[in-house]
Amino acid sequence: MEDLKHKLLAWQPGETPGIETQLCFALYAASRATIDIYRPFLDELGITYPQYLVLLILWERGTCAVKDIGAILHLDSGTLSPLLKRLEAASFIKRQRRLKDERVVDISLTEAGQRLKQQAALLPEKFRCELDTSLEEYLTLITSLNTLTTRLYTREVSRVDADKDRRQTPI
């Protein structure tokens, strides 16, 4: 940690910082490692990590509109649609247009999707055991990452809004 701190303090604007000092790389590597740990457990269930995330939302919230799932996972419809089609083909979910507004597609669990919840219930604890960390450290890590995500998405929304304002301002 001291070596990393030294490298960060020694960095000068205009220089290319080393990869080990990049937060983006640390997050990328941690994400890859997380998925690698989950993969064997999810393979047993016949689902991928992104499919697991969709199922987590449905297990928690019940029926959800496609756009709501996309908003929670920060995925666009071009990424989400094929993922949902594969879950439907595996008989874990069903898609249905809303009667009052046919533009809205709702996603709900099938009986097989509900049964899968029982099998997946132990995954978070298995992952936490793989981390070999205390509950307090685990909660601190989740809180820090959630705070970072909120800050980054808030900045992105502000940037998009500013771009819209610039485009709409008459010259």
# chains A, B, ... in the order shown; residues from 1 in each chain; ligands from 1
>>> closest_atom_pairs(of="segment 12-92 of chain A", to="segment 101-116 of chain A", cutoff="12 Å", atoms="only C-alpha atoms", output="JSON lines")
{"residue": "A:Leu42", "atom": "CA", "partner": "A:Leu116", "partner_atom": "CA", "distance": 10.6}
{"residue": "A:Glu44", "atom": "CA", "partner": "A:Leu116", "partner_atom": "CA", "distance": 10.8}
{"residue": "A:Leu45", "atom": "CA", "partner": "A:Leu116", "partner_atom": "CA", "distance": 7.4}
{"residue": "A:Gly46", "atom": "CA", "partner": "A:Leu116", "partner_atom": "CA", "distance": 9.7}
{"residue": "A:Ile47", "atom": "CA", "partner": "A:Leu116", "partner_atom": "CA", "distance": 9.9}
{"residue": "A:Gln51", "atom": "CA", "partner": "A:Gly113", "partner_atom": "CA", "distance": 11.1}
{"residue": "A:Tyr52", "atom": "CA", "partner": "A:Leu116", "partner_atom": "CA", "distance": 10.0}
{"residue": "A:Val54", "atom": "CA", "partner": "A:Ile107", "partner_atom": "CA", "distance": 9.7}
{"residue": "A:Leu55", "atom": "CA", "partner": "A:Gly113", "partner_atom": "CA", "distance": 7.7}
{"residue": "A:Leu56", "atom": "CA", "partner": "A:Gly113", "partner_atom": "CA", "distance": 10.4}
{"residue": "A:Ile57", "atom": "CA", "partner": "A:Ser108", "partner_atom": "CA", "distance": 10.2}
{"residue": "A:Leu58", "atom": "CA", "partner": "A:Ser108", "partner_atom": "CA", "distance": 6.8}
{"residue": "A:Trp59", "atom": "CA", "partner": "A:Gln114", "partner_atom": "CA", "distance": 7.4}
{"residue": "A:Glu60", "atom": "CA", "partner": "A:Gln114", "partner_atom": "CA", "distance": 10.9}
{"residue": "A:Arg61", "atom": "CA", "partner": "A:Ser108", "partner_atom": "CA", "distance": 9.7}
{"residue": "A:Gly62", "atom": "CA", "partner": "A:Ser108", "partner_atom": "CA", "distance": 6.5}
{"residue": "A:Thr63", "atom": "CA", "partner": "A:Ser108", "partner_atom": "CA", "distance": 4.4}
{"residue": "A:Cys64", "atom": "CA", "partner": "A:Ile107", "partner_atom": "CA", "distance": 5.3}
{"residue": "A:Ala65", "atom": "CA", "partner": "A:Asp106", "partner_atom": "CA", "distance": 4.2}
{"residue": "A:Val66", "atom": "CA", "partner": "A:Val105", "partner_atom": "CA", "distance": 5.9}
{"residue": "A:Lys67", "atom": "CA", "partner": "A:Val104", "partner_atom": "CA", "distance": 8.1}
{"residue": "A:Asp68", "atom": "CA", "partner": "A:Asp106", "partner_atom": "CA", "distance": 9.3}
{"residue": "A:Ile69", "atom": "CA", "partner": "A:Ile107", "partner_atom": "CA", "distance": 8.9}
{"residue": "A:Gly70", "atom": "CA", "partner": "A:Ile107", "partner_atom": "CA", "distance": 11.5}
{"residue": "A:Ser77", "atom": "CA", "partner": "A:Val105", "partner_atom": "CA", "distance": 11.5}
{"residue": "A:Leu80", "atom": "CA", "partner": "A:Ile107", "partner_atom": "CA", "distance": 11.7}
{"residue": "A:Ser81", "atom": "CA", "partner": "A:Val105", "partner_atom": "CA", "distance": 10.8}
{"residue": "A:Leu84", "atom": "CA", "partner": "A:Ile107", "partner_atom": "CA", "distance": 8.5}
{"residue": "A:Lys85", "atom": "CA", "partner": "A:Ile107", "partner_atom": "CA", "distance": 10.7}
{"residue": "A:Leu87", "atom": "CA", "partner": "A:Gly113", "partner_atom": "CA", "distance": 9.0}
{"residue": "A:Glu88", "atom": "CA", "partner": "A:Thr110", "partner_atom": "CA", "distance": 9.0}
{"residue": "A:Ala89", "atom": "CA", "partner": "A:Thr110", "partner_atom": "CA", "distance": 11.4}
{"residue": "A:Ala90", "atom": "CA", "partner": "A:Ala112", "partner_atom": "CA", "distance": 8.9}
{"residue": "A:Ser91", "atom": "CA", "partner": "A:Ala112", "partner_atom": "CA", "distance": 6.6}
{"residue": "A:Phe92", "atom": "CA", "partner": "A:Gly113", "partner_atom": "CA", "distance": 4.0}
>>> write_last_selection(atoms="C-alpha atoms", output="PDB file, in the first residue's frame")
ATOM      1  CA  LEU A  42     -23.627 -20.575 -12.018  1.00  0.00           C
ATOM      2  CA  GLU A  44     -24.237 -25.794 -12.219  1.00  0.00           C
ATOM      3  CA  LEU A  45     -27.451 -23.754 -12.452  1.00  0.00           C
ATOM      4  CA  GLY A  46     -27.175 -23.379 -16.227  1.00  0.00           C
ATOM      5  CA  ILE A  47     -27.001 -19.575 -16.206  1.00  0.00           C
ATOM      6  CA  GLN A  51     -28.544 -13.783 -16.279  1.00  0.00           C
ATOM      7  CA  TYR A  52     -28.031 -14.292 -12.542  1.00  0.00           C
ATOM      8  CA  VAL A  54     -31.556 -10.358 -13.904  1.00  0.00           C
ATOM      9  CA  LEU A  55     -32.902 -13.261 -11.853  1.00  0.00           C
ATOM     10  CA  LEU A  56     -31.796 -11.584  -8.612  1.00  0.00           C
ATOM     11  CA  ILE A  57     -33.918  -8.555  -9.544  1.00  0.00           C
ATOM     12  CA  LEU A  58     -36.944 -10.719 -10.333  1.00  0.00           C
ATOM     13  CA  TRP A  59     -36.547 -12.821  -7.175  1.00  0.00           C
ATOM     14  CA  GLU A  60     -36.465  -9.659  -5.108  1.00  0.00           C
ATOM     15  CA  ARG A  61     -39.024  -7.485  -6.891  1.00  0.00           C
ATOM     16  CA  GLY A  62     -41.286  -9.848  -8.816  1.00  0.00           C
ATOM     17  CA  THR A  63     -42.492  -8.798 -12.261  1.00  0.00           C
ATOM     18  CA  CYS A  64     -40.490  -5.922 -13.752  1.00  0.00           C
ATOM     19  CA  ALA A  65     -40.581  -3.964 -16.974  1.00  0.00           C
ATOM     20  CA  VAL A  66     -37.626  -4.520 -19.294  1.00  0.00           C
ATOM     21  CA  LYS A  67     -36.691  -0.829 -19.040  1.00  0.00           C
ATOM     22  CA  ASP A  68     -36.617  -1.056 -15.224  1.00  0.00           C
ATOM     23  CA  ILE A  69     -34.300  -4.069 -15.326  1.00  0.00           C
ATOM     24  CA  GLY A  70     -32.085  -2.193 -17.773  1.00  0.00           C
ATOM     25  CA  SER A  77     -32.010  -2.778 -24.573  1.00  0.00           C
ATOM     26  CA  LEU A  80     -30.548  -6.823 -22.364  1.00  0.00           C
ATOM     27  CA  SER A  81     -32.877  -8.232 -25.055  1.00  0.00           C
ATOM     28  CA  LEU A  84     -33.736 -12.075 -21.736  1.00  0.00           C
ATOM     29  CA  LYS A  85     -34.387 -14.193 -24.831  1.00  0.00           C
ATOM     30  CA  LEU A  87     -33.527 -16.830 -20.121  1.00  0.00           C
ATOM     31  CA  GLU A  88     -36.921 -17.271 -21.780  1.00  0.00           C
ATOM     32  CA  ALA A  89     -35.599 -20.075 -24.008  1.00  0.00           C
ATOM     33  CA  ALA A  90     -34.338 -21.807 -20.839  1.00  0.00           C
ATOM     34  CA  SER A  91     -37.891 -21.441 -19.401  1.00  0.00           C
ATOM     35  CA  PHE A  92     -36.782 -19.314 -16.418  1.00  0.00           C
TER      36      PHE A  92
END
>>> residues_around(residues="segment 2-7 of chain A", least_positions_apart="5", cutoff="10 Å", atoms="only C-alpha atoms", output="VMD selection string")
chain A and resid 12 17 to 18 20 to 21
>>> closest_residue(among="A:Thr133, A:Thr143, A:Thr150, A:Arg128", to="Ile37 of chain A", atoms="only C-alpha atoms")
A:Arg128
>>> select_by_dssp(residues="segment 7-120 of chain A", states="helix (DSSP H, G or I)", output="PyMOL selection string")
chain A and resi 7-10+19-21+23-45+49-61+66-73+77-89+111-120
>>> select_by_dssp(residues="chain A", states="strand (DSSP E or B)", output="list in words")
Cys64, Ala65, Ile93, Lys94, Arg95, Gln96, Arg97, Val105, Asp106, Ile107, Ser108 and Leu109 of chain A
>>> write_last_selection(atoms="C-alpha atoms", output="CSV table (one decimal), in the first residue's frame")
chain,number,residue,atom,x,y,z
A,64,CYS,CA,-40.5,-5.9,-13.8
A,65,ALA,CA,-40.6,-4.0,-17.0
A,93,ILE,CA,-38.8,-16.2,-17.4
A,94,LYS,CA,-41.7,-15.2,-19.5
A,95,ARG,CA,-42.1,-11.9,-21.4
A,96,GLN,CA,-45.5,-10.3,-21.8
A,97,ARG,CA,-46.7,-7.0,-23.1
A,105,VAL,CA,-42.8,-5.5,-21.8
A,106,ASP,CA,-43.0,-7.1,-18.4
A,107,ILE,CA,-40.7,-9.9,-17.3
A,108,SER,CA,-41.8,-12.4,-14.7
A,109,LEU,CA,-40.5,-15.7,-13.4
>>> closest_residue(among="A:Phe25, A:Leu9, A:Asp43, A:Ile72", to="Tyr153 of chain A", atoms="only C-alpha atoms")
A:Ile72
>>> closest_residue(among="A:Cys129, A:Ile19, A:Ala29, A:Ala120", to="Phe41 of chain A", atoms="only C-alpha atoms")
A:Ala120
